[in-house]
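Visitor: Contents of final_39.txt (compact mmCIF, C-alpha atoms) are below:
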```txt
# COMPACT_ATOMS: atom_id res chain seq x y z
CA MET A 1 259.93 195.77 40.83
CA GLU A 2 257.58 198.76 40.95
CA THR A 3 257.00 198.40 37.20
CA PHE A 4 255.25 195.05 37.73
CA ARG A 5 253.35 196.08 40.85
CA TRP A 6 250.05 195.61 39.01
CA LEU A 7 250.60 191.83 39.06
CA TRP A 8 249.63 191.67 42.74
CA ASP A 9 248.20 195.14 43.49
CA THR A 10 244.56 195.40 42.35
CA GLU A 11 244.42 199.18 42.82
CA ALA A 12 247.52 199.64 40.69
CA LEU A 13 246.04 197.37 38.00
CA ASN A 14 242.75 199.29 37.96
CA SER A 15 244.67 202.58 37.68
CA LEU A 16 246.68 201.15 34.80
CA MET A 17 243.48 200.13 32.96
CA ALA A 18 241.75 203.45 33.66
CA GLY A 19 244.61 205.34 32.02
CA ALA A 20 244.87 203.13 28.93
CA PRO A 21 243.29 204.10 25.56
CA THR A 22 240.17 202.14 24.62
CA LEU A 23 241.85 200.66 21.52
CA LEU A 24 244.72 199.33 23.66
CA LEU A 25 242.20 197.80 26.08
CA LEU A 26 240.42 196.04 23.21
CA VAL A 27 243.72 194.68 21.88
CA SER A 28 244.72 193.49 25.37
CA ILE A 29 241.40 191.65 25.75
CA VAL A 30 241.95 189.80 22.46
CA ILE A 31 245.49 188.89 23.55
CA CYS A 32 244.27 187.75 26.98
CA ILE A 33 241.63 185.49 25.42
CA ALA A 34 244.33 183.92 23.23
CA ILE A 35 246.55 183.41 26.31
CA LEU A 36 243.68 181.86 28.24
CA SER A 37 242.87 179.51 25.38
CA LYS A 38 246.47 178.37 24.96
CA GLY A 39 246.90 177.92 28.71
CA ALA A 40 243.75 175.80 28.92
CA ASP A 41 244.95 173.65 26.00
CA TRP A 42 248.30 173.03 27.68
CA MET A 43 246.67 172.16 30.95
CA VAL A 44 244.17 169.69 29.48
CA ASP A 45 246.87 167.99 27.40
CA GLY A 46 249.05 167.75 30.51
CA VAL A 47 246.23 166.20 32.53
CA VAL A 48 245.53 163.58 29.86
CA GLU A 49 249.20 162.60 29.66
CA LEU A 50 249.60 162.57 33.45
CA ALA A 51 246.53 160.36 33.82
CA THR A 52 247.99 157.95 31.27
CA ARG A 53 251.39 157.81 32.95
CA THR A 54 250.24 157.54 36.57
CA GLY A 55 247.05 155.52 36.13
CA LEU A 56 245.01 158.18 38.00
CA PRO A 57 241.58 158.91 36.48
CA LYS A 58 241.34 162.25 34.68
CA ILE A 59 238.34 163.20 36.81
CA VAL A 60 240.46 162.76 39.96
CA ILE A 61 243.35 164.85 38.63
CA GLY A 62 240.78 167.50 37.76
CA ALA A 63 239.35 167.30 41.30
CA THR A 64 242.75 167.63 43.00
CA ILE A 65 245.69 169.10 41.05
CA ILE A 66 243.69 171.27 38.64
CA SER A 67 241.13 172.50 41.16
CA LEU A 68 243.93 173.32 43.60
CA GLY A 69 245.64 175.38 40.93
CA THR A 70 242.51 177.22 39.75
CA THR A 71 241.44 178.10 43.33
CA MET A 72 244.93 179.18 44.46
CA PRO A 73 244.47 182.84 43.33
CA GLU A 74 241.17 183.09 45.23
CA ALA A 75 242.75 181.55 48.32
CA PHE A 76 245.65 184.03 48.14
CA VAL A 77 243.31 187.01 47.72
CA SER A 78 241.05 185.82 50.55
CA VAL A 79 243.89 185.19 53.01
CA MET A 80 245.48 188.55 52.24
CA ALA A 81 242.09 190.29 52.55
CA ALA A 82 241.49 188.68 55.96
CA TRP A 83 245.01 189.54 57.10
CA MET A 84 244.59 193.20 56.01
CA GLY A 85 241.25 193.61 57.81
CA ASN A 86 238.68 192.81 55.11
CA PRO A 87 237.55 189.30 56.14
CA GLY A 88 234.14 189.61 54.46
CA LEU A 89 235.83 189.33 51.07
CA ALA A 90 236.96 185.76 51.83
CA LEU A 91 233.46 184.42 52.53
CA GLY A 92 232.09 186.17 49.45
CA ASN A 93 234.89 184.76 47.29
CA GLY A 94 234.25 181.20 48.43
CA VAL A 95 230.43 181.16 48.29
CA GLY A 96 230.21 183.24 45.10
CA SER A 97 232.67 180.97 43.31
CA ILE A 98 230.78 177.80 44.30
CA ILE A 99 227.56 179.26 42.87
CA ALA A 100 229.24 180.41 39.64
CA ASP A 101 231.26 177.20 39.11
CA THR A 102 228.35 174.80 39.48
CA GLY A 103 225.50 176.97 38.20
CA LEU A 104 227.19 178.83 35.35
CA ILE A 105 230.04 176.61 34.18
CA LEU A 106 228.68 173.11 34.80
CA GLY A 107 225.21 174.18 33.66
CA LEU A 108 226.58 175.69 30.45
CA ALA A 109 228.75 172.61 29.80
CA CYS A 110 225.75 170.26 30.13
CA VAL A 111 223.84 172.38 27.62
CA LEU A 112 226.71 172.45 25.10
CA ALA A 113 227.90 168.83 25.16
CA PRO A 114 227.20 165.35 26.61
CA ILE A 115 228.90 165.20 30.02
CA PRO A 116 229.71 161.74 31.47
CA VAL A 117 228.77 160.72 35.02
CA ASN A 118 231.47 158.69 36.77
CA ARG A 119 229.15 157.36 39.47
CA PHE A 120 231.92 155.63 41.44
CA ILE A 121 233.89 158.87 41.93
CA LEU A 122 230.99 161.36 41.97
CA ASN A 123 228.97 159.33 44.48
CA ARG A 124 231.89 159.99 46.84
CA THR A 125 233.36 163.39 45.93
CA GLY A 126 229.85 164.68 45.14
CA TRP A 127 228.73 163.99 48.69
CA VAL A 128 231.85 165.75 50.00
CA GLN A 129 231.01 168.72 47.74
CA VAL A 130 227.49 169.15 49.09
CA GLY A 131 228.46 168.03 52.60
CA VAL A 132 231.13 170.67 53.26
CA ALA A 133 228.85 173.43 51.91
CA THR A 134 226.05 172.23 54.19
CA LEU A 135 228.50 172.10 57.11
CA LEU A 136 229.50 175.71 56.39
CA VAL A 137 225.85 176.79 56.49
CA ILE A 138 225.12 174.81 59.68
CA ILE A 139 228.11 176.34 61.49
CA SER A 140 227.08 179.80 60.24
CA VAL A 141 223.48 179.34 61.44
CA TYR A 142 224.77 178.14 64.83
CA ALA A 143 226.98 181.23 65.03
CA LEU A 144 223.94 183.39 64.23
CA ALA A 145 221.81 181.69 66.90
CA SER A 146 224.47 181.71 69.61
CA THR A 147 225.54 185.36 69.44
CA THR A 148 223.78 188.68 69.96
CA GLY A 149 226.03 190.58 67.59
CA GLU A 150 227.19 189.82 64.03
CA PRO A 151 227.89 186.08 63.61
CA VAL A 152 231.50 185.07 63.03
CA LEU A 153 233.39 182.05 61.70
CA HIS A 154 236.13 181.65 64.31
CA ARG A 155 239.69 180.47 63.81
CA TRP A 156 238.87 176.95 65.01
CA VAL A 157 236.45 176.65 62.08
CA GLY A 158 239.22 177.56 59.64
CA ILE A 159 241.64 175.06 61.18
CA PHE A 160 238.94 172.36 61.18
CA PHE A 161 238.23 173.03 57.48
CA LEU A 162 241.94 172.74 56.60
CA ILE A 163 242.11 169.37 58.39
CA LEU A 164 239.06 168.22 56.40
CA LEU A 165 240.82 169.43 53.22
CA ALA A 166 243.83 167.19 53.89
CA ALA A 167 241.50 164.24 54.54
CA TYR A 168 239.58 164.96 51.32
CA MET A 169 242.74 165.00 49.18
CA TYR A 170 243.88 161.69 50.68
CA MET A 171 240.51 159.98 50.32
CA THR A 172 240.12 161.16 46.72
CA TYR A 173 243.42 159.45 45.87
CA ARG A 174 242.28 156.27 47.68
CA TRP A 175 238.94 156.26 45.84
CA SER A 176 240.69 156.70 42.47
CA ARG A 177 242.69 153.51 43.06
CA GLN A 178 239.48 151.57 43.75
CA ASP A 179 237.68 152.69 40.56
CA PRO A 180 237.89 149.81 38.03
CA VAL A 181 236.28 151.76 35.17
CA SER A 182 238.82 154.60 35.25
CA SER A 183 241.72 152.20 35.60
CA GLU A 184 240.63 150.28 32.49
CA GLU A 185 240.25 153.54 30.52
CA ASN A 186 243.76 154.69 31.42
CA ASP A 187 245.29 151.29 30.71
CA SER A 188 243.98 151.50 27.16
CA ASP A 189 245.69 154.84 26.46
CA ALA A 190 249.22 155.35 25.19
CA GLY A 191 251.16 158.29 26.59
CA THR A 192 253.73 160.24 24.58
CA THR A 193 255.42 162.32 27.33
CA ASN A 194 256.85 161.62 30.78
CA ALA A 195 255.22 162.67 34.05
CA GLY A 196 257.61 165.61 34.55
CA THR A 197 256.72 167.10 31.17
CA SER A 198 253.02 166.59 31.90
CA LEU A 199 253.32 168.45 35.21
CA ALA A 200 255.24 171.25 33.46
CA MET A 201 252.43 171.55 30.89
CA ILE A 202 249.83 171.72 33.68
CA ALA A 203 251.85 174.33 35.63
CA GLY A 204 252.51 176.41 32.51
CA GLY A 205 248.85 176.24 31.48
CA LEU A 206 247.71 177.31 34.95
CA PHE A 207 250.11 180.25 34.91
CA LEU A 208 248.82 181.45 31.52
CA ILE A 209 245.19 181.09 32.62
CA ILE A 210 245.72 182.99 35.88
CA ALA A 211 247.78 185.74 34.20
CA GLY A 212 245.26 186.11 31.37
CA ALA A 213 242.31 186.28 33.77
CA ARG A 214 244.17 188.82 35.91
CA LEU A 215 244.35 191.25 32.96
CA LEU A 216 241.13 190.39 31.12
CA VAL A 217 238.56 191.12 33.84
CA PRO A 218 239.64 194.67 34.80
CA GLY A 219 240.13 195.53 31.12
CA ALA A 220 236.62 194.35 30.24
CA SER A 221 235.21 196.14 33.31
CA GLU A 222 236.85 199.41 32.26
CA ILE A 223 235.43 199.18 28.72
CA ALA A 224 231.95 198.40 30.11
CA PHE A 225 232.21 201.44 32.38
CA ARG A 226 233.23 203.68 29.46
CA ILE A 227 230.24 202.66 27.34
CA GLY A 228 227.83 203.40 30.18
CA VAL A 229 227.09 200.01 31.79
CA PRO A 230 225.94 200.63 35.41
CA ASP A 231 228.43 199.82 38.17
CA ASP A 232 226.19 197.25 39.85
CA VAL A 233 225.67 195.35 36.59
CA ILE A 234 229.44 195.28 36.05
CA ALA A 235 229.88 193.93 39.58
CA ALA A 236 227.21 191.26 39.18
CA THR A 237 228.80 189.93 35.99
CA MET A 238 232.53 190.62 36.34
CA VAL A 239 232.86 189.26 39.88
CA ALA A 240 231.54 185.89 38.73
CA LEU A 241 233.70 186.02 35.60
CA GLY A 242 236.81 186.95 37.54
CA THR A 243 236.50 184.22 40.16
CA SER A 244 235.46 181.48 37.74
CA LEU A 245 237.33 182.31 34.52
CA PRO A 246 240.07 179.65 35.11
CA GLU A 247 237.42 176.96 35.63
CA LEU A 248 235.44 178.22 32.61
CA MET A 249 238.43 178.09 30.25
CA THR A 250 239.38 174.64 31.54
CA ALA A 251 235.80 173.46 30.95
CA LEU A 252 235.68 174.75 27.37
CA ALA A 253 239.09 173.27 26.52
CA SER A 254 238.32 169.87 28.05
CA ILE A 255 235.00 169.65 26.16
CA ARG A 256 236.64 170.75 22.90
CA LYS A 257 239.37 168.13 23.27
CA GLY A 258 236.96 165.34 24.18
CA HIS A 259 237.78 165.00 27.89
CA PRO A 260 234.75 166.51 29.70
CA GLU A 261 235.44 164.39 32.82
CA ILE A 262 238.34 166.77 33.57
CA MET A 263 235.82 169.62 33.73
CA VAL A 264 233.49 167.72 36.07
CA GLY A 265 236.36 166.84 38.40
CA ASN A 266 237.61 170.43 38.36
CA ILE A 267 234.18 171.86 39.23
CA VAL A 268 233.55 169.40 42.08
CA GLY A 269 237.08 169.83 43.43
CA ALA A 270 236.94 173.62 43.11
CA ASP A 271 233.69 173.71 45.10
CA VAL A 272 235.24 171.64 47.90
CA LEU A 273 238.40 173.77 47.90
CA ASN A 274 236.47 177.05 47.81
CA CYS A 275 234.82 175.98 51.04
CA LEU A 276 237.64 174.16 52.85
CA PHE A 277 240.70 175.96 51.40
CA VAL A 278 239.60 179.50 50.48
CA ILE A 279 237.26 180.07 53.43
CA GLY A 280 239.18 177.76 55.79
CA ALA A 281 242.58 179.40 55.25
CA ALA A 282 241.12 182.90 55.55
CA ALA A 283 239.23 182.03 58.77
CA ALA A 284 242.39 180.49 60.23
CA VAL A 285 244.15 183.83 59.66
CA ARG A 286 241.35 186.01 61.06
CA PRO A 287 237.72 185.30 62.12
CA LEU A 288 235.27 185.97 59.28
CA SER A 289 232.12 188.00 59.89
CA ILE A 290 228.95 186.72 58.17
CA PRO A 291 226.70 189.45 56.69
CA SER A 292 222.96 188.95 57.14
CA ASN A 293 222.27 188.71 53.39
CA PHE A 294 224.17 185.42 53.25
CA PHE A 295 221.49 183.72 55.34
CA VAL A 296 218.57 184.92 53.22
CA PHE A 297 220.13 184.93 49.75
CA HIS A 298 223.64 183.58 49.08
CA PHE A 299 223.55 180.44 51.25
CA PRO A 300 220.11 179.33 49.92
CA ALA A 301 221.24 179.88 46.31
CA MET A 302 224.40 177.82 46.93
CA LEU A 303 222.46 174.94 48.51
CA ILE A 304 219.78 174.89 45.78
CA ILE A 305 222.46 174.56 43.08
CA LEU A 306 224.57 171.98 44.93
CA TYR A 307 221.67 169.76 45.99
CA SER A 308 220.29 169.93 42.44
CA PHE A 309 223.65 168.69 41.14
CA ARG A 310 223.71 165.95 43.81
CA MET A 311 220.22 164.84 42.77
CA PHE A 312 221.23 164.77 39.09
CA ILE A 313 224.17 162.44 39.92
CA SER A 314 221.73 160.00 41.57
CA MET A 315 219.22 160.25 38.71
CA ASN A 316 221.61 159.72 35.81
CA ARG A 317 222.01 155.96 35.81
CA GLY A 318 222.53 155.99 32.04
CA GLY A 319 225.97 157.52 32.52
CA TRP A 320 225.37 161.07 31.21
CA PHE A 321 224.09 164.40 32.48
CA LYS A 322 220.98 165.56 30.61
CA LYS A 323 220.71 168.85 28.75
CA TRP A 324 217.65 169.92 30.77
CA GLN A 325 219.68 169.51 33.94
CA GLY A 326 222.20 171.99 32.58
CA VAL A 327 219.35 174.36 31.72
CA TRP A 328 218.09 174.11 35.32
CA LEU A 329 221.50 174.87 36.86
CA LEU A 330 222.06 177.74 34.43
CA SER A 331 218.58 179.14 35.10
CA VAL A 332 219.10 179.14 38.87
CA TYR A 333 222.39 180.98 38.38
CA VAL A 334 220.84 183.57 36.04
CA ILE A 335 217.97 184.18 38.51
CA TYR A 336 220.54 184.56 41.29
CA VAL A 337 222.47 187.22 39.35
CA VAL A 338 219.32 189.06 38.20
CA LEU A 339 217.96 189.19 41.76
CA GLN A 340 221.28 190.57 42.98
CA TYR A 341 220.91 193.44 40.54
CA ALA A 342 217.16 193.92 40.98
CA LEU A 343 217.24 193.81 44.81
CA ASN A 344 220.59 195.63 45.05
CA ILE A 345 222.09 192.83 47.15
CA GLU A 346 225.78 193.13 47.92
CA ILE A 347 227.88 191.00 45.58
CA PRO A 348 230.01 188.33 47.30
CA GLY A 349 233.74 188.98 46.88
```
Here is a file; write its structure as C-alpha cells.
Guide:
Amino acid sequence: METFRWLWDTEALNSLMAGAPTLLLLVSIVICIAILSKGADWMVDGVVELATRTGLPKIVIGATIISLGTTMPEAFVSVMAAWMGNPGLALGNGVGSIIADTGLILGLACVLAPIPVNRFILNRTGWVQVGVATLLVIISVYALASTTGEPVLHRWVGIFFLILLAAYMYMTYRWSRQDPVSSEENDSDAGTTNAGTSLAMIAGGLFLIIAGARLLVPGASEIAFRIGVPDDVIAATMVALGTSLPELMTALASIRKGHPEIMVGNIVGADVLNCLFVIGAAAAVRPLSIPSNFFVFHFPAMLIILYSFRMFISMNRGGWFKKWQGVWLLSVYVIYVVLQYALNIEIPG
C-alpha cells in the first residue's frame, strides 16, 4: 500500500517527481498526455452512446454526469483540506476553477471551432451558473460587512449549497425532457452499445483523465523548476492547468469528434458544481475563511467572465458562439493570470 501512496499523497508525489531523472519526467509527460487523450475519447464516445440510448441531450449529460466526474477530485481535495485545517484551499479551488473553465477552456474552444448555443438549456442552466456564483459573492460580502474579524462561510452556507446542488441536478433532468430540439436530435441517432457499456466507457475515461492529470501536472512543474522558471509563474500556470485539465481534455476531444455541446454542458455544469459541490461540501465540513484579496481580485474576475458568458448566450440568436466572444473570455483570463504574477497576488488553490 505504501508503494502507491503517491496516488493520494501530494507531498509523496512531489518527492517522487523531484527524485526522478529529467528524461524519465519527459517520458512520463508524453505517456500522461496519451492517457489523457485516450480517456477523453472514451468518455466522449460513452456520452454520445448514452445520450442516444436514454434520450437525454448530450449537453445535459455533460452538465451532470461528466461535470460531476471532472469536479470530483477537486471536491475530494477541498473537503480533505478543510477537514485537515486548511479551509482556504477549498475556496481557492472552487473560484479558481470557475475562472479557468469559463475563461480559458470555453474561450479557447470558441476561438478554435464553431460552438452551438442550445438556448433552451443554456437559458436555464446558464442562469443557475451565474446565479450561484453571484450568491456566493453576496453571502461573502455580507459576511465581510457583518463581522469585525476575517469573514467566514459558515457550515449553514455549505449545507444550503448542497441542497441547491440536489435541486439543480433534478431541474436539469426535468429541463432536458422538455427540450424538443435535443429530443429530435437524439431520436435521429442510432446507438451501437447498451447503456451499461456507455457508462463503463464514461467511468473508464474519467479514471484515465484524472490519473493522467494527477501525474502530468507535478511532472511538468518539476521540469519547469529545473529549467529556471520562477516559482510564482509555475503556480500561476500549473494551478489552473491542474484544476481544469479534465475539462480541457474533454473539450478538445468533444470538438475533435464533432460534439462540442458536450463541452459546453461540462463547463456550465462544472462551474455550478465548483460553487455548490466543491465549496459547499468543504464549508459543510469546516467553516471557510475568505481572504481579503478575493473581494478585490478573484471574485470580480469570476463575475466578469460569467456575466460575459451569460450576455453572449442572450446575444447569440443565430445558434452559435462567435469567435470574438472566445477571444474576449480568453483575454480576460490571460489578464487575470498576468495580474496575479505582476501584483504577486496569492493563487487560489
Visitor: Ranking A:Glu150, A:Glu261, A:Glu49, A:Glu247 by minimum distance to A:Thr102 and counting all atoms listed in the file, which one comes first?
Guide: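 Closest candidate: A:Glu247.
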Visitor: Go through A:Phe312, A:Trp127, A:Phe161, A:Trp156 one by one, measure the shortest atom-to-atom distance of each to A:Leu273 using only C-alpha atoms, and give the residue with the smallest value.
Guide: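 Ranked by minimum distance to A:Leu273, first place goes to A:Phe161.
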Visitor: Name all residues at most 7 Å from stretch 30-45 of chain A (count all atoms listed in the file; drop same-chain ones fewer than 6 positions away) and give them as JSON, numbers by chain.
Guide: {"A": [201, 202, 204, 205, 206, 208, 209, 212, 215, 216, 249, 250, 253, 254]}
Visitor: Would you work out the distance separating atom CA of A:Tyr173 from atom CA of A:Val272, expressed in Å to one decimal?
Guide: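 Atom CA of A:Val272 lies 14.8 Å from atom CA of A:Tyr173.
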Visitor: Tell me which of A:Leu199, A:Val79, A:Ile99, A:Val47 sits closest to A:Val285, counting only C-alpha atoms.
Guide: A:Val79
Visitor: Tell me, as an NGL selection string, which residues lie within 12 Å of A:Asn266, counting only C-alpha atoms; anything in the same chain fewer than 3 positions away does not count.
Guide: :A and (43-44 or 47 or 58-71 or 98 or 101-102 or 105-106 or 122 or 125-126 or 129 or 244 or 246-252 or 254 or 259-263 or 269-274)
Visitor: Can you measure atom CA of A:Gly103 to atom CA of A:Leu306 for me? One decimal in Å is fine.
Guide: 8.4 Å
Visitor: So how far away is atom CA of A:Ile305 from atom CA of A:Gly318, in Å?
Guide: 21.6 Å
Visitor: Which residue out of A:Met72, A:Phe277, A:Leu136, A:Gly46 has the minimum interatomic distance to A:Phe299 when all atoms listed in the file are used?
Guide: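 Of the candidates, the smallest distance to A:Phe299 is held by A:Leu136.
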Visitor: Rank A:Phe295, A:Trp83, A:Trp324, A:Tyr333 by their smallest atom-to-atom distance to A:Ser140, using all atoms listed in the file, and report the top residue only.
Guide: A:Phe295
Visitor: I need the residue nearest A:Ala282 from this list: A:Met315, A:Leu91, A:Ile267, A:Val332. Use all atoms listed in the file for the distance.
Guide: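 The answer is A:Leu91, which sits nearest to A:Ala282.
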Visitor: Just the residues within 9 Å of A:Val128, please, counting only C-alpha atoms, with nothing from its chain fewer than 3 positions along; format it as a list in words.
Guide: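 Skipping anything fewer than 3 positions along the chain leaves Asn123, Arg124, Thr125, Gly131, Val132, Ala133, Tyr168, Val268 and Val272 of chain A.
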